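So this one's protein05.cif, mmCIF, C-alpha atoms:
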data_input
loop_
_atom_site.label_atom_id
_atom_site.label_comp_id
_atom_site.auth_asym_id
_atom_site.auth_seq_id
_atom_site.Cartn_x
_atom_site.Cartn_y
_atom_site.Cartn_z
CA MET X 52 -9.45 -53.61 -33.82
CA THR X 53 -11.93 -54.61 -36.54
CA PRO X 54 -13.22 -58.18 -36.04
CA TRP X 55 -12.32 -60.64 -38.77
CA THR X 56 -15.13 -62.05 -40.93
CA ASP X 57 -15.09 -64.77 -43.57
CA ARG X 58 -16.59 -64.82 -47.07
CA ARG X 59 -20.01 -65.63 -45.63
CA ARG X 60 -19.70 -62.69 -43.20
CA ARG X 61 -19.29 -64.97 -40.20
CA PRO X 62 -17.13 -63.40 -37.47
CA LEU X 63 -14.45 -65.23 -35.52
CA GLU X 64 -15.77 -65.21 -31.94
CA ASP X 65 -15.14 -68.69 -30.52
CA LEU X 66 -11.76 -70.37 -30.21
CA ARG X 67 -11.41 -74.10 -29.56
CA ILE X 68 -7.95 -75.17 -28.42
CA SER X 69 -6.99 -78.82 -28.23
CA VAL X 70 -4.26 -79.21 -25.61
CA ILE X 71 -3.61 -82.94 -26.06
CA ASP X 72 -4.57 -85.68 -28.52
CA LYS X 73 -4.58 -88.52 -25.97
CA CYS X 74 -7.67 -89.73 -24.13
CA ASN X 75 -8.35 -92.26 -21.38
CA PHE X 76 -11.60 -93.34 -23.10
CA ARG X 77 -12.13 -95.14 -26.38
CA CYS X 78 -15.61 -93.87 -27.18
CA ARG X 79 -16.98 -95.70 -30.17
CA TYR X 80 -18.13 -92.53 -31.94
CA CYS X 81 -14.74 -90.83 -31.51
CA MET X 82 -11.75 -93.11 -30.80
CA PRO X 83 -12.90 -96.72 -31.29
CA GLU X 84 -10.37 -99.13 -29.81
CA GLU X 85 -9.96 -101.15 -33.00
CA ALA X 86 -9.02 -98.03 -34.97
CA PHE X 87 -6.69 -96.51 -32.34
CA ARG X 88 -5.02 -99.63 -30.91
CA HIS X 89 -1.75 -98.91 -32.73
CA HIS X 90 -2.20 -95.16 -33.15
CA GLN X 91 0.93 -93.06 -32.71
CA PHE X 92 0.07 -90.13 -30.47
CA LEU X 93 1.98 -86.88 -30.51
CA LYS X 94 5.27 -86.69 -28.65
CA ARG X 95 5.68 -84.08 -25.93
CA ASP X 96 7.78 -81.74 -28.06
CA GLU X 97 5.21 -81.93 -30.85
CA LEU X 98 2.50 -80.46 -28.60
CA LEU X 99 2.23 -76.70 -28.36
CA SER X 100 3.70 -75.45 -25.10
CA PHE X 101 1.69 -73.24 -22.77
CA ASP X 102 3.91 -70.33 -23.82
CA GLU X 103 2.99 -70.96 -27.45
CA ILE X 104 -0.72 -71.34 -26.75
CA GLU X 105 -0.75 -68.15 -24.68
CA ARG X 106 1.06 -66.24 -27.41
CA PHE X 107 -1.37 -67.53 -30.03
CA VAL X 108 -4.37 -66.43 -27.96
CA ARG X 109 -2.90 -62.99 -27.28
CA ILE X 110 -2.33 -62.53 -31.02
CA ILE X 111 -5.78 -63.63 -32.15
CA ALA X 112 -8.02 -62.50 -29.28
CA PRO X 113 -8.21 -58.79 -30.19
CA HIS X 114 -9.75 -59.67 -33.57
CA GLY X 115 -13.14 -60.68 -32.22
CA VAL X 116 -12.55 -63.74 -30.03
CA LYS X 117 -14.79 -63.66 -26.96
CA LYS X 118 -14.78 -67.28 -25.82
CA VAL X 119 -12.05 -69.89 -25.45
CA ARG X 120 -12.77 -73.58 -24.91
CA LEU X 121 -10.04 -76.09 -24.05
CA THR X 122 -10.52 -79.55 -25.52
CA GLY X 123 -8.63 -82.72 -26.38
CA GLY X 124 -8.42 -85.70 -26.51
CA GLU X 125 -9.08 -85.43 -22.82
CA PRO X 126 -7.70 -82.04 -21.71
CA LEU X 127 -7.41 -83.02 -18.05
CA LEU X 128 -4.64 -85.43 -19.07
CA ARG X 129 -2.44 -82.39 -19.82
CA PRO X 130 -0.34 -81.73 -16.69
CA ASN X 131 -0.78 -78.37 -14.94
CA LEU X 132 -3.73 -77.32 -17.09
CA ASP X 133 -4.74 -74.83 -14.41
CA GLU X 134 -1.57 -72.87 -15.22
CA LEU X 135 -2.72 -72.42 -18.82
CA ILE X 136 -6.17 -71.35 -17.67
CA ARG X 137 -4.63 -68.79 -15.34
CA ARG X 138 -2.59 -67.36 -18.21
CA LEU X 139 -5.57 -67.16 -20.54
CA ARG X 140 -7.66 -65.52 -17.82
CA ALA X 141 -5.20 -62.64 -17.93
CA VAL X 142 -6.07 -61.93 -21.59
CA THR X 143 -8.49 -59.09 -20.96
CA THR X 144 -10.51 -59.39 -24.17
CA ILE X 145 -11.53 -63.00 -23.41
CA GLU X 146 -14.95 -63.04 -21.74
CA THR X 147 -15.32 -66.73 -20.88
CA ILE X 148 -13.10 -69.80 -20.64
CA GLY X 149 -14.65 -73.25 -20.92
CA LEU X 150 -13.50 -76.85 -20.87
CA THR X 151 -14.84 -80.00 -22.50
CA THR X 152 -14.04 -83.18 -20.56
CA ASN X 153 -15.17 -86.76 -20.03
CA GLY X 154 -15.26 -85.92 -16.33
CA VAL X 155 -13.14 -88.77 -14.99
CA TYR X 156 -10.69 -86.42 -13.23
CA LEU X 157 -13.14 -83.60 -12.64
CA GLU X 158 -13.97 -84.48 -9.03
CA ARG X 159 -10.39 -83.89 -7.87
CA MET X 160 -9.61 -81.04 -10.26
CA ALA X 161 -12.74 -78.86 -10.26
CA LYS X 162 -11.60 -76.67 -7.37
CA VAL X 163 -8.19 -75.80 -8.78
CA LEU X 164 -9.68 -75.22 -12.25
CA LYS X 165 -12.24 -72.79 -10.83
CA GLN X 166 -9.58 -71.00 -8.81
CA ALA X 167 -7.46 -70.63 -11.95
CA GLY X 168 -10.31 -68.84 -13.72
CA LEU X 169 -12.35 -71.50 -15.52
CA ASP X 170 -15.98 -70.42 -16.04
CA ARG X 171 -17.70 -73.37 -17.66
CA VAL X 172 -17.37 -77.10 -18.10
CA ASN X 173 -19.10 -79.34 -20.63
CA VAL X 174 -19.07 -82.95 -19.49
CA SER X 175 -19.55 -85.81 -21.95
CA LEU X 176 -21.84 -88.51 -20.55
CA ASP X 177 -23.75 -90.84 -22.85
CA ALA X 178 -25.73 -93.01 -20.41
CA LEU X 179 -26.64 -93.57 -16.78
CA SER X 180 -26.65 -97.33 -17.19
CA ALA X 181 -23.26 -98.75 -16.18
CA GLU X 182 -23.45 -101.40 -18.89
CA THR X 183 -24.36 -98.97 -21.66
CA PHE X 184 -21.91 -96.28 -20.59
CA GLY X 185 -19.10 -98.81 -20.23
CA MET X 186 -19.75 -100.03 -23.76
CA MET X 187 -19.90 -96.48 -25.12
CA ASN X 188 -16.65 -95.31 -23.51
CA GLY X 189 -14.80 -98.49 -24.45
CA ARG X 190 -13.15 -98.78 -21.04
CA GLY X 191 -15.97 -100.04 -18.84
CA THR X 192 -15.76 -96.88 -16.73
CA SER X 193 -18.73 -96.36 -14.43
CA PRO X 194 -20.96 -93.29 -14.87
CA GLU X 195 -20.74 -92.76 -11.09
CA THR X 196 -17.21 -91.42 -11.50
CA VAL X 197 -18.42 -88.81 -13.98
CA LEU X 198 -21.52 -87.94 -11.94
CA ARG X 199 -19.37 -87.22 -8.87
CA GLY X 200 -17.26 -84.91 -11.02
CA ILE X 201 -20.36 -83.07 -12.21
CA ASP X 202 -21.57 -82.62 -8.65
CA GLU X 203 -18.19 -81.29 -7.54
CA ALA X 204 -17.99 -78.88 -10.46
CA LYS X 205 -21.36 -77.43 -9.44
CA ARG X 206 -20.24 -77.15 -5.83
CA GLN X 207 -17.23 -75.15 -6.93
CA GLY X 208 -19.43 -72.69 -8.82
CA LEU X 209 -18.67 -73.78 -12.37
CA GLU X 210 -21.44 -73.56 -14.97
CA VAL X 211 -22.07 -77.18 -15.96
CA LYS X 212 -23.62 -78.63 -19.10
CA VAL X 213 -23.79 -82.31 -19.98
CA ASN X 214 -23.36 -83.53 -23.56
CA MET X 215 -24.93 -86.82 -24.68
CA VAL X 216 -24.12 -88.21 -28.12
CA VAL X 217 -27.07 -90.38 -29.17
CA ARG X 218 -26.49 -93.29 -31.51
CA LYS X 219 -29.39 -95.50 -32.61
CA GLY X 220 -29.22 -99.00 -31.16
CA TRP X 221 -26.56 -98.09 -28.63
CA ASN X 222 -27.92 -95.59 -26.14
CA ASP X 223 -31.16 -94.14 -27.53
CA HIS X 224 -33.02 -95.96 -24.74
CA GLU X 225 -31.18 -93.66 -22.31
CA VAL X 226 -32.70 -90.44 -23.67
CA ALA X 227 -35.57 -90.25 -21.15
CA PRO X 228 -33.62 -91.39 -18.04
CA MET X 229 -30.88 -88.85 -18.75
CA ALA X 230 -33.47 -86.10 -19.18
CA ALA X 231 -35.17 -86.92 -15.87
CA TYR X 232 -31.90 -87.14 -13.94
CA PHE X 233 -30.50 -83.78 -15.03
CA LYS X 234 -33.86 -81.99 -15.05
CA GLU X 235 -34.20 -82.86 -11.36
CA ARG X 236 -30.77 -81.34 -10.70
CA ASN X 237 -31.38 -78.30 -12.92
CA ILE X 238 -28.36 -79.12 -15.09
CA THR X 239 -28.67 -78.45 -18.82
CA LEU X 240 -28.46 -81.66 -20.85
CA ARG X 241 -27.63 -81.32 -24.53
CA TYR X 242 -28.40 -84.10 -26.98
CA ILE X 243 -25.89 -84.32 -29.85
CA GLU X 244 -26.73 -86.06 -33.10
CA PHE X 245 -24.18 -88.74 -34.04
CA MET X 246 -21.86 -86.94 -36.50
CA ASP X 247 -19.44 -88.07 -39.20
CA VAL X 248 -16.40 -86.41 -37.67
CA GLY X 249 -13.28 -88.18 -38.91
CA THR X 250 -13.42 -91.52 -40.67
CA ALA X 251 -12.88 -94.07 -37.87
CA ASN X 252 -16.34 -94.22 -36.29
CA GLU X 253 -18.17 -96.00 -39.15
CA TRP X 254 -20.79 -93.26 -39.36
CA ASN X 255 -23.97 -93.92 -41.27
CA VAL X 256 -26.99 -91.66 -41.46
CA GLU X 257 -29.16 -94.64 -40.46
CA HIS X 258 -27.48 -94.55 -37.04
CA VAL X 259 -28.53 -90.95 -36.41
CA VAL X 260 -31.33 -90.25 -33.92
CA SER X 261 -32.70 -86.87 -34.94
CA SER X 262 -33.20 -84.09 -32.43
CA GLU X 263 -36.82 -83.87 -33.52
CA SER X 264 -37.49 -87.46 -32.50
CA ILE X 265 -35.74 -86.95 -29.15
CA LEU X 266 -37.80 -83.83 -28.52
CA GLU X 267 -40.98 -85.85 -29.09
CA VAL X 268 -39.86 -88.39 -26.49
CA LEU X 269 -39.27 -85.63 -23.97
CA LYS X 270 -42.64 -84.03 -24.66
CA GLN X 271 -44.38 -87.34 -24.08
CA ARG X 272 -42.56 -87.88 -20.78
CA ASN X 273 -42.36 -84.32 -19.45
CA GLY X 274 -45.08 -82.31 -21.15
CA LEU X 275 -44.70 -78.90 -22.76
CA LEU X 276 -41.25 -77.60 -23.62
CA GLU X 277 -40.89 -73.92 -24.50
CA PRO X 278 -38.38 -73.04 -27.25
CA LEU X 279 -35.87 -70.33 -26.34
CA ALA X 280 -34.25 -67.77 -28.63
CA PRO X 281 -30.46 -67.95 -29.13
CA GLU X 282 -28.50 -65.87 -26.66
CA THR X 283 -25.57 -65.24 -29.00
CA LEU X 284 -24.65 -65.48 -32.68
CA GLY X 285 -23.18 -68.90 -33.40
CA GLU X 286 -24.96 -70.66 -30.54
CA VAL X 287 -24.97 -74.28 -31.68
CA ALA X 288 -27.64 -75.69 -29.37
CA GLN X 289 -31.35 -75.13 -29.86
CA ARG X 290 -32.54 -74.60 -26.30
CA TYR X 291 -35.85 -75.47 -24.68
CA ARG X 292 -37.13 -74.76 -21.19
CA TYR X 293 -39.27 -77.00 -18.99
CA THR X 294 -42.09 -75.40 -17.05
CA ASP X 295 -40.00 -75.57 -13.87
CA GLY X 296 -37.18 -73.57 -15.48
CA ALA X 297 -34.67 -76.33 -16.25
CA GLN X 298 -33.28 -76.37 -19.79
CA VAL X 299 -32.42 -78.94 -22.41
CA GLY X 300 -30.56 -78.40 -25.68
CA PHE X 301 -30.16 -80.06 -29.07
CA ILE X 302 -27.09 -79.95 -31.29
CA SER X 303 -28.43 -81.01 -34.67
CA SER X 304 -25.50 -80.88 -37.06
CA VAL X 305 -26.96 -83.64 -39.24
CA SER X 306 -30.69 -82.88 -39.42
CA GLN X 307 -30.55 -79.09 -38.99
CA PRO X 308 -27.07 -77.78 -39.94
CA PHE X 309 -26.02 -74.46 -38.45
CA CYS X 310 -23.04 -73.65 -40.68
CA GLY X 311 -24.51 -70.27 -41.55
CA THR X 312 -23.80 -68.91 -38.08
CA CYS X 313 -20.62 -70.83 -37.24
CA THR X 314 -18.12 -68.54 -35.51
CA ARG X 315 -15.59 -71.15 -34.38
CA GLY X 316 -11.92 -71.47 -35.24
CA ARG X 317 -9.86 -74.41 -33.99
CA LEU X 318 -6.25 -74.91 -32.97
CA SER X 319 -5.02 -78.50 -32.80
CA SER X 320 -2.65 -79.65 -30.08
CA ASP X 321 0.27 -79.61 -32.53
CA GLY X 322 -0.50 -76.11 -33.75
CA LYS X 323 -2.61 -76.50 -36.89
CA TRP X 324 -5.25 -73.82 -37.49
CA TYR X 325 -8.59 -75.18 -38.75
CA THR X 326 -11.72 -73.35 -39.80
CA CYS X 327 -14.14 -76.29 -39.61
CA LEU X 328 -14.67 -79.38 -37.45
CA PHE X 329 -14.95 -81.43 -40.65
CA ALA X 330 -11.83 -80.00 -42.30
CA GLU X 331 -9.35 -82.06 -44.30
CA ASP X 332 -6.23 -80.07 -43.43
CA GLY X 333 -5.08 -77.00 -41.54
CA THR X 334 -2.50 -74.23 -41.56
CA ASP X 335 0.74 -74.89 -39.66
CA ILE X 336 1.02 -72.17 -37.01
CA ARG X 337 3.50 -74.09 -34.85
CA GLU X 338 6.19 -73.61 -37.48
CA LEU X 339 5.61 -69.87 -37.39
CA LEU X 340 5.65 -69.80 -33.59
CA ARG X 341 8.94 -71.71 -33.46
CA SER X 342 10.75 -70.05 -36.37
CA GLY X 343 10.92 -66.54 -35.00
CA ALA X 344 7.96 -65.14 -36.93
CA SER X 345 6.64 -61.84 -35.59
CA ASP X 346 3.22 -61.46 -34.00
CA GLU X 347 2.24 -59.34 -36.99
CA LEU X 348 3.13 -62.09 -39.48
CA ILE X 349 1.24 -64.71 -37.48
CA ALA X 350 -1.80 -62.44 -37.22
CA MET X 351 -1.68 -61.77 -40.95
CA THR X 352 -1.55 -65.50 -41.68
CA LEU X 353 -4.51 -66.26 -39.43
CA LYS X 354 -6.48 -63.36 -40.89
CA MET X 355 -5.86 -64.49 -44.46
CA VAL X 356 -7.03 -68.03 -43.67
CA TRP X 357 -10.17 -66.83 -41.91
CA GLU X 358 -11.14 -64.25 -44.53
CA VAL X 359 -11.17 -66.83 -47.35
CA ARG X 360 -13.14 -69.33 -45.23
CA GLU X 361 -16.20 -70.80 -46.97
CA ASP X 362 -16.68 -73.99 -44.92
CA ARG X 363 -20.23 -75.35 -44.77
CA TYR X 364 -19.71 -79.11 -44.68
CA SER X 365 -22.88 -79.97 -42.74
CA GLU X 366 -25.06 -78.06 -45.17
CA GLU X 367 -23.37 -79.79 -48.10
CA ARG X 368 -23.74 -83.19 -46.44
CA SER X 369 -27.45 -82.57 -45.93
CA ARG X 370 -27.90 -81.91 -49.63
CA THR X 371 -25.65 -84.59 -51.07
CA GLY X 372 -25.49 -87.29 -48.38
CA SER X 373 -22.32 -88.48 -46.65
CA ARG X 374 -19.30 -87.29 -48.56
CA THR X 375 -16.34 -89.53 -49.17
CA ARG X 376 -13.30 -87.46 -48.26
CA ASN X 377 -10.60 -87.58 -45.63
CA ARG X 378 -11.55 -85.75 -42.44
CA ILE X 379 -9.48 -85.17 -39.33
CA GLU X 380 -10.48 -87.17 -36.26
CA MET X 381 -12.33 -85.45 -33.43
CA SER X 382 -9.72 -86.63 -30.90
CA TYR X 383 -7.11 -84.63 -32.83
CA ILE X 384 -8.95 -81.37 -33.33
CA GLY X 385 -11.28 -81.38 -30.32
CA GLY X 386 -15.08 -81.41 -30.35
#

How does the structure come out when it is put into structure tokens?
Amino acid sequence: MTPWTDRRRRPLEDLRISVIDKCNFRCRYCMPEEAFRHHQFLKRDELLSFDEIERFVRIIAPHGVKKVRLTGGEPLLRPNLDELIRRLRAVTTIETIGLTTNGVYLERMAKVLKQAGLDRVNVSLDALSAETFGMMNGRGTSPETVLRGIDEAKRQGLEVKVNMVVRKGWNDHEVAPMAAYFKERNITLRYIEFMDVGTANEWNVEHVVSSESILEVLKQRNGLLEPLAPETLGEVAQRYRYTDGAQVGFISSVSQPFCGTCTRGRLSSDGKWYTCLFAEDGTDIRELLRSGASDELIAMTLKMVWEVREDRYSEERSRTGSRTRNRIEMSYIGG
């Protein structure tokens, strides 16, 4: 089948699927406690079932999708997630299946996830300091729990990357210690600029630590870093290699937007189809899935939405500053 492309000739290659909107953390850049204290999370019957998610993937996968990433909320809170992974592994056109997690349950679940067919795991960890990490995650959880999960994931043969969101005045002092820790273990650490996803995290450009400034810190501490070419279209991280072979990456949505090569479509846990992380609204696919619509009608709907896609929020933000509009929260759509 011919791959779908949007109005800017960007193909649909990456699919992000949020399986749950709940999370056991209250990270201040995503789900700050004061904003989510009385939040009404989705009821069980409002979430897409595994049958519905599998059907969705089988419908859309032949049109260019190569990679699927399961997100949340915290996806490991969804019971029997390995069953869903096993089903998606059976979709022959999907090349890789990944998972984004805060890592709290990874130590005890890594083995079953790998056995089900998971290829990769991205673990969110914003500091090695117990005090700083506890403040960042809003629950006082120790980084040791997450680090044990990372170690176990590696033991089970999963490809592991660590994501660190850097916010000025909160954890920017952890940039160098994090680099040293994961460089020693040959685990790729990716620094993520603090983004204005949603409206609850009180984002301000003055709180952003640019990737360029982080790179300078690493050069001062570790010497020469060699830039690497992208491996695939739509690769969001700019990668660098240390002289010993370890890698580090930078996701620079604020200072160096990459909208021009964005290949990601997103399915929320209640079945809304979004074409941008910073979208205001999505297309209701759950209603189609539950109303007896044919696979052909659902595919046609998804195709129509993708082909008129013009999203380039980060580029527009860079030119005009922070825009005042409603945006869905990251915990709802997945990072």

Given the choices X:Arg317, X:Tyr242, X:Thr334, X:Val119, which gets closest to Tyr291 in chain X if the distance is worked out from only C-alpha atoms? X:Tyr242

Report the residues retrieved by the PyMOL selection byres ((chain X and resi 301) around 9) from the displayed file, expressed as number ranges by chain. X: 240-244, 262-263, 265-266, 287-291, 299-300, 302-303

For Asn188 in chain X, please output as a ChimeraX atom specification all residues within 7 Å (counting all atoms listed in the file; exclusion window: fewer than 6 positions along the same chain). /X:76-79

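CA of Val356 in chain X is found 17.2 Å from CA of Cys310 in chain X.
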
Which residues would end up in the selection if the PyMOL selection byres ((chain X and resi 159) around 12) were applied here, given that I need the answer as a ChimeraX atom specification? /X:127,154-158,160-165,196-197,199-204,207

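Residue membership of the PyMOL selection byres ((chain X and resi 179) around 7) in the shown file amounts to X:Ala178, X:Ser180, X:Ala181, X:Phe184, X:Pro194, X:Met229.
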
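Using only C-alpha atoms, the shortest contact distance between Lys234 in chain X and any of X:Leu150, X:Ala297, X:Leu279, X:Leu132 is found at X:Ala297.
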
In terms of the shortest atom-to-atom distance over only C-alpha atoms, which of X:Thr326, X:Thr122, X:Thr192, X:Ser320 is closest to Phe92 in chain X? X:Ser320

As number ranges by chain, please: the residues near Ile71 in chain X (cut-off 12 Å, all atoms listed in the file, same-chain neighbours under 2 positions excluded). X: 68-69, 73-75, 92-101, 104, 121-130, 132, 152, 318-322, 381-385

Given all atoms listed in the file as the basis, pick out the residue of X:Gln298, X:Arg137, X:Trp221, X:Glu338 nearest to Met186 in chain X. X:Trp221

Within 7 Å of range 312-316 of chain X, counting all atoms listed in the file, which residues show up once you throw out same-chain ones fewer than 6 positions away? Write them as a list in words, please. Arg61, Pro62, Leu63, Glu64, Asp65, Leu66, Arg67, Leu284, Gly285, Tyr325, Thr326 and Cys327 of chain X

One decimal place gives the CA of Val174 in chain X-CA of Phe233 in chain X separation as 12.3 Å

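With CA of Val213 in chain X on one side and CA of Asn153 in chain X on the other, the separation reads 9.7 Å.
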
Residue with smallest distance to Asp72 in chain X - pool X:Arg360, X:His90, X:Arg59, X:Arg337, counting all atoms listed in the file: X:His90

Could you list, as number ranges by chain, every residue within 12 Å of Met355 in chain X, counting only C-alpha atoms and ignoring same-chain residues fewer than 5 positions away? X: 55-58, 324, 326, 334, 348-350, 360

Would you mind exporting C-alpha atoms of the selected residues as a PDB file, keeping the file's coordinate frame?
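Here's the written file part19.pdb:
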ATOM      1  CA  TRP X  55     -12.320 -60.640 -38.770  1.00  0.00           C
ATOM      2  CA  THR X  56     -15.130 -62.050 -40.930  1.00  0.00           C
ATOM      3  CA  ASP X  57     -15.090 -64.770 -43.570  1.00  0.00           C
ATOM      4  CA  ARG X  58     -16.590 -64.820 -47.070  1.00  0.00           C
ATOM      5  CA  TRP X 324      -5.250 -73.820 -37.490  1.00  0.00           C
ATOM      6  CA  THR X 326     -11.720 -73.350 -39.800  1.00  0.00           C
ATOM      7  CA  THR X 334      -2.500 -74.230 -41.560  1.00  0.00           C
ATOM      8  CA  LEU X 348       3.130 -62.090 -39.480  1.00  0.00           C
ATOM      9  CA  ILE X 349       1.240 -64.710 -37.480  1.00  0.00           C
ATOM     10  CA  ALA X 350      -1.800 -62.440 -37.220  1.00  0.00           C
ATOM     11  CA  ARG X 360     -13.140 -69.330 -45.230  1.00  0.00           C
TER      12      ARG X 360
END

Select range 79-90 of chain X in the preceding structure and write N, CA, C and O atoms to a file as a CSV table (one decimal), in the first residue's frame.
chain,number,residue,atom,x,y,z
X,79,ARG,N,6.3,17.6,38.0
X,79,ARG,CA,5.9,19.0,38.0
X,79,ARG,C,5.8,19.6,36.6
X,79,ARG,O,5.2,20.6,36.4
X,80,TYR,N,6.5,19.0,35.6
X,80,TYR,CA,6.4,19.5,34.2
X,80,TYR,C,5.4,18.7,33.5
X,80,TYR,O,5.2,19.0,32.2
X,81,CYS,N,4.6,17.8,34.1
X,81,CYS,CA,3.6,17.0,33.4
X,81,CYS,C,2.3,17.0,34.1
X,81,CYS,O,1.3,17.4,33.6
X,82,MET,N,2.3,16.5,35.3
X,82,MET,CA,1.0,16.4,36.1
X,82,MET,C,1.2,16.9,37.5
X,82,MET,O,1.2,16.2,38.5
X,83,PRO,N,1.5,18.2,37.6
X,83,PRO,CA,1.7,18.8,39.0
X,83,PRO,C,0.5,18.5,39.9
X,83,PRO,O,-0.6,18.6,39.5
X,84,GLU,N,0.9,18.2,41.1
X,84,GLU,CA,-0.2,17.8,42.1
X,84,GLU,C,-1.3,18.8,42.3
X,84,GLU,O,-2.5,18.4,42.3
X,85,GLU,N,-0.9,20.0,42.3
X,85,GLU,CA,-1.9,21.1,42.6
X,85,GLU,C,-2.9,21.2,41.4
X,85,GLU,O,-4.1,21.5,41.6
X,86,ALA,N,-2.5,20.8,40.2
X,86,ALA,CA,-3.4,20.9,39.1
X,86,ALA,C,-4.2,19.6,38.9
X,86,ALA,O,-5.3,19.6,38.3
X,87,PHE,N,-3.7,18.5,39.4
X,87,PHE,CA,-4.4,17.2,39.2
X,87,PHE,C,-5.0,16.6,40.5
X,87,PHE,O,-5.4,15.4,40.4
X,88,ARG,N,-5.0,17.3,41.5
X,88,ARG,CA,-5.5,16.8,42.8
X,88,ARG,C,-7.0,16.3,42.7
X,88,ARG,O,-7.3,15.3,43.3
X,89,HIS,N,-7.8,17.0,42.0
X,89,HIS,CA,-9.2,16.7,41.8
X,89,HIS,C,-9.5,16.2,40.4
X,89,HIS,O,-10.7,16.3,40.0
X,90,HIS,N,-8.5,15.9,39.7
X,90,HIS,CA,-8.7,15.5,38.2
X,90,HIS,C,-9.5,14.2,38.1
X,90,HIS,O,-9.3,13.2,38.9
